[in-house]
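Input: a single structure, listed below in structure tokens.
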Amino acid sequence: MMTRRSSTQADARGFNRLAPVYDHLAMTVFGNSLRAAQRCFLHRVKPEADVLVVGGGSGWFLERLLEETSCRRVDTLDISAAMLSRSEDRLRRRNPEALARVRFLHGGVESLPRDAIYDVLCTHCFLDLFSDETLQSLVPRLRSHLRDGGLWYDSDFQIAPGTIRRPLTSILLGAMYAFFRTTCSIEATRLPQFDHAFSQAGMVDVEAATFYGGMVRARLLRAPDQYVSEPLDVSQGDTVTRRFEAIRSESDR
Ligand SMILES: C[S@@+](CC[C@H](N)C(=O)[O-])C[C@H]1O[C@@H](n2cnc3c(N)ncnc32)[C@H](O)[C@@H]1O
């Protein structure tokens, strides 16, 4: 029987195959830049925070998160069983006491229980797997798991500014997308418009840092305190999110 993949499901088999070599590939091409981007805002994670890591891969970030912060609990979600198992093995070898604070969740974003709410959400080299169209629903969906006032720590690629860097990064990104489309059947063919998706979901930029000559960007965004997600234009099947300012009545003041 044919089953249709949801738009937010990349090919888990592709990432399973890639799992043993993924970190080596990333280090070979980008050196320490991706890791530096994934680490630079860890000091912003407050003690006792509940954290969700989406598409955490083989677990380098998870290990750092548990080592460098006093977060209370981490759920790490990945569609690739091989990535998750490497992540768990890594933690078992290097910081076994931390295992009690972690749940390894196998599945896509859709599999998260609707009422799972976190203080911090982390997406590293994850959102770039999706098309603009998918991000329009994926980012609000993820946002709905973040408590009001919570932080979203994202790092990903961007086209570096500058007359020389811009074409060079475009070529490198083109090669990366060709590779990931072939090996993992990812949906995206080019970098999606992260800024647009985040602002549509009402997320507010707090801090940003760039690495690898501007091609890698880490950013910290905050979910505003008042947020309502409502379906718009149901006939098109789209979901658009809007932020509503708190309106306090005279009697509340
Ligand atoms: C490009 S890798 C990045 C891994 C890691 N964050 C890093 O930077 O090293 C993307 C990861 O997202 C996972 N993934 C892809 N689609 C997913 C989905 N819909 N839900 C959860 N994880 C997904 C893949 O299995 C893979 O581990």
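By convention here, the chains of the structure tokens are called A, B, ... in the order presented, each chain's residues are numbered starting at 1, and ligands are numbered starting at 1 in the order presented.
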
Inset, instruction - Might you pull out every residue within 6 Å of region 181-198 of chain A, with only C-alpha atoms counted and same-chain residues fewer than 2 positions away left off, and present them as a PyMOL selection string? - result: chain A and resi 10-11+14-15+128-132+136+177-179+200-201+203

Inset, instruction - Step by step, measure atom-to-atom distances between ligand 1 and each residue using only C-alpha atoms and all ligand atoms, keep those at most 8 Å, then write them as a PyMOL selection string. - result: chain A and resi 8-12+15-16+19+22-23+26+34-35+38+54-61+77-81+83-84+106-110+123-126+129+186

For those residues, write C-alpha atoms to a file as a compact mmCIF listing (two decimals), in the first residue's frame.
```txt
# COMPACT_ATOMS: atom_id res chain seq x y z
CA THR A 8 7.30 17.95 7.14
CA GLN A 9 8.70 14.42 6.80
CA ALA A 10 12.07 14.19 5.11
CA ASP A 11 13.24 10.73 4.15
CA ALA A 12 14.26 9.15 7.46
CA PHE A 15 19.28 10.42 7.36
CA ASN A 16 19.70 6.91 8.78
CA ALA A 19 24.12 9.20 10.40
CA TYR A 22 27.14 13.27 9.02
CA ASP A 23 29.37 14.89 11.66
CA ALA A 26 29.94 18.81 8.43
CA LEU A 34 28.43 25.03 12.88
CA ARG A 35 29.37 23.94 16.37
CA GLN A 38 25.17 26.00 18.12
CA VAL A 54 14.17 19.33 16.99
CA GLY A 55 16.24 17.42 14.41
CA GLY A 56 19.11 17.10 16.87
CA GLY A 57 21.09 14.68 14.70
CA SER A 58 23.84 12.65 16.34
CA GLY A 59 23.78 14.59 19.58
CA TRP A 60 26.75 16.93 19.76
CA PHE A 61 24.47 19.84 20.63
CA LEU A 77 13.06 14.74 18.57
CA ASP A 78 14.29 13.24 15.32
CA ILE A 79 12.73 11.27 12.48
CA SER A 80 15.91 9.25 12.07
CA ALA A 81 16.22 6.29 14.45
CA MET A 83 20.58 9.66 14.52
CA LEU A 84 18.66 9.26 17.79
CA HIS A 106 11.41 9.23 17.48
CA GLY A 107 9.18 10.98 14.95
CA GLY A 108 8.40 14.16 13.10
CA VAL A 109 7.16 17.43 14.51
CA GLU A 110 3.59 16.22 14.00
CA THR A 123 16.56 24.04 15.75
CA HIS A 124 20.03 23.72 14.26
CA CYS A 125 20.43 23.10 10.50
CA PHE A 126 16.86 21.85 10.55
CA LEU A 129 15.28 21.20 4.99
CA ILE A 186 14.64 16.71 1.43
```

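The smallest atom-to-atom distance between Leu91 (chain A) and any of A:Glu63, A:Asp119, A:Glu133, A:Asp148, using only C-alpha atoms, is found for A:Glu63.
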
Inset, instruction - Please measure the separation of CA of Ser70 (chain A) and CA of Glu48 (chain A), giving the value in Å to one decimal. - result: 6.1 Å

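Distance check against Gly162 (chain A) using only C-alpha atoms: of A:Gly150, A:Pro140, A:Gly214, A:Gly174, the minimum falls on A:Gly214.
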
Inset, instruction - Name the residues in contact with region 112-117 of chain A at a cut-off of 9 Å, using only C-alpha atoms, excluding same-chain residues fewer than 6 positions from it; report them as a ChimeraX atom specification. - result: /A:50-52,77,105,144-147

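Between Phe41 (chain A) and the candidates A:Leu65, A:Leu172, A:Met215, A:Val21, the tightest atom-to-atom separation, counting only C-alpha atoms, involves A:Leu65.
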
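Those residues that approach region 97-101 of chain A to within 10 Å, counting only C-alpha atoms, are A:Asp50, A:Glu63, A:Leu66, A:Glu67, A:Cys71, A:Arg72, A:Arg73, A:Val74, A:Asp75, A:Glu88, A:Leu91, A:Arg92; same-chain residues fewer than 5 positions away are not listed.
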
Keeping only N, CA and C atoms, write the selected residues to a file as a CSV table (one decimal), in the first residue's frame.
```
chain,number,residue,atom,x,y,z
A,50,ASP,N,12.9,23.8,30.5
A,50,ASP,CA,12.5,22.6,29.8
A,50,ASP,C,12.8,22.9,28.3
A,63,GLU,N,24.7,17.1,24.0
A,63,GLU,CA,25.7,16.9,25.0
A,63,GLU,C,26.2,18.3,25.5
A,66,LEU,N,23.5,19.9,27.8
A,66,LEU,CA,23.4,19.3,29.2
A,66,LEU,C,24.7,19.6,30.0
A,67,GLU,N,25.8,19.8,29.3
A,67,GLU,CA,27.0,20.1,30.0
A,67,GLU,C,27.1,21.5,30.4
A,71,CYS,N,19.7,23.1,32.5
A,71,CYS,CA,18.3,22.9,32.1
A,71,CYS,C,17.7,21.7,32.9
A,72,ARG,N,16.4,21.7,33.1
A,72,ARG,CA,15.8,20.7,33.9
A,72,ARG,C,15.5,19.4,33.1
A,73,ARG,N,15.0,19.5,31.9
A,73,ARG,CA,14.6,18.4,31.1
A,73,ARG,C,14.8,18.7,29.6
A,74,VAL,N,15.2,17.7,28.9
A,74,VAL,CA,15.3,17.9,27.4
A,74,VAL,C,14.6,16.8,26.7
A,75,ASP,N,13.7,17.2,25.7
A,75,ASP,CA,13.2,16.3,24.8
A,75,ASP,C,13.9,16.5,23.5
A,88,GLU,N,21.9,9.0,21.7
A,88,GLU,CA,21.8,8.3,23.0
A,88,GLU,C,23.1,7.7,23.4
A,91,LEU,N,25.7,10.2,24.6
A,91,LEU,CA,25.5,10.7,26.0
A,91,LEU,C,25.8,9.6,27.0
A,92,ARG,N,25.4,8.3,26.7
A,92,ARG,CA,25.7,7.2,27.6
A,92,ARG,C,27.2,7.1,27.9
```

Legend entry - Separation of CA of Gly202 (chain A) from CA of Leu220 (chain A), in Å and rounded to one decimal: 13.5 Å
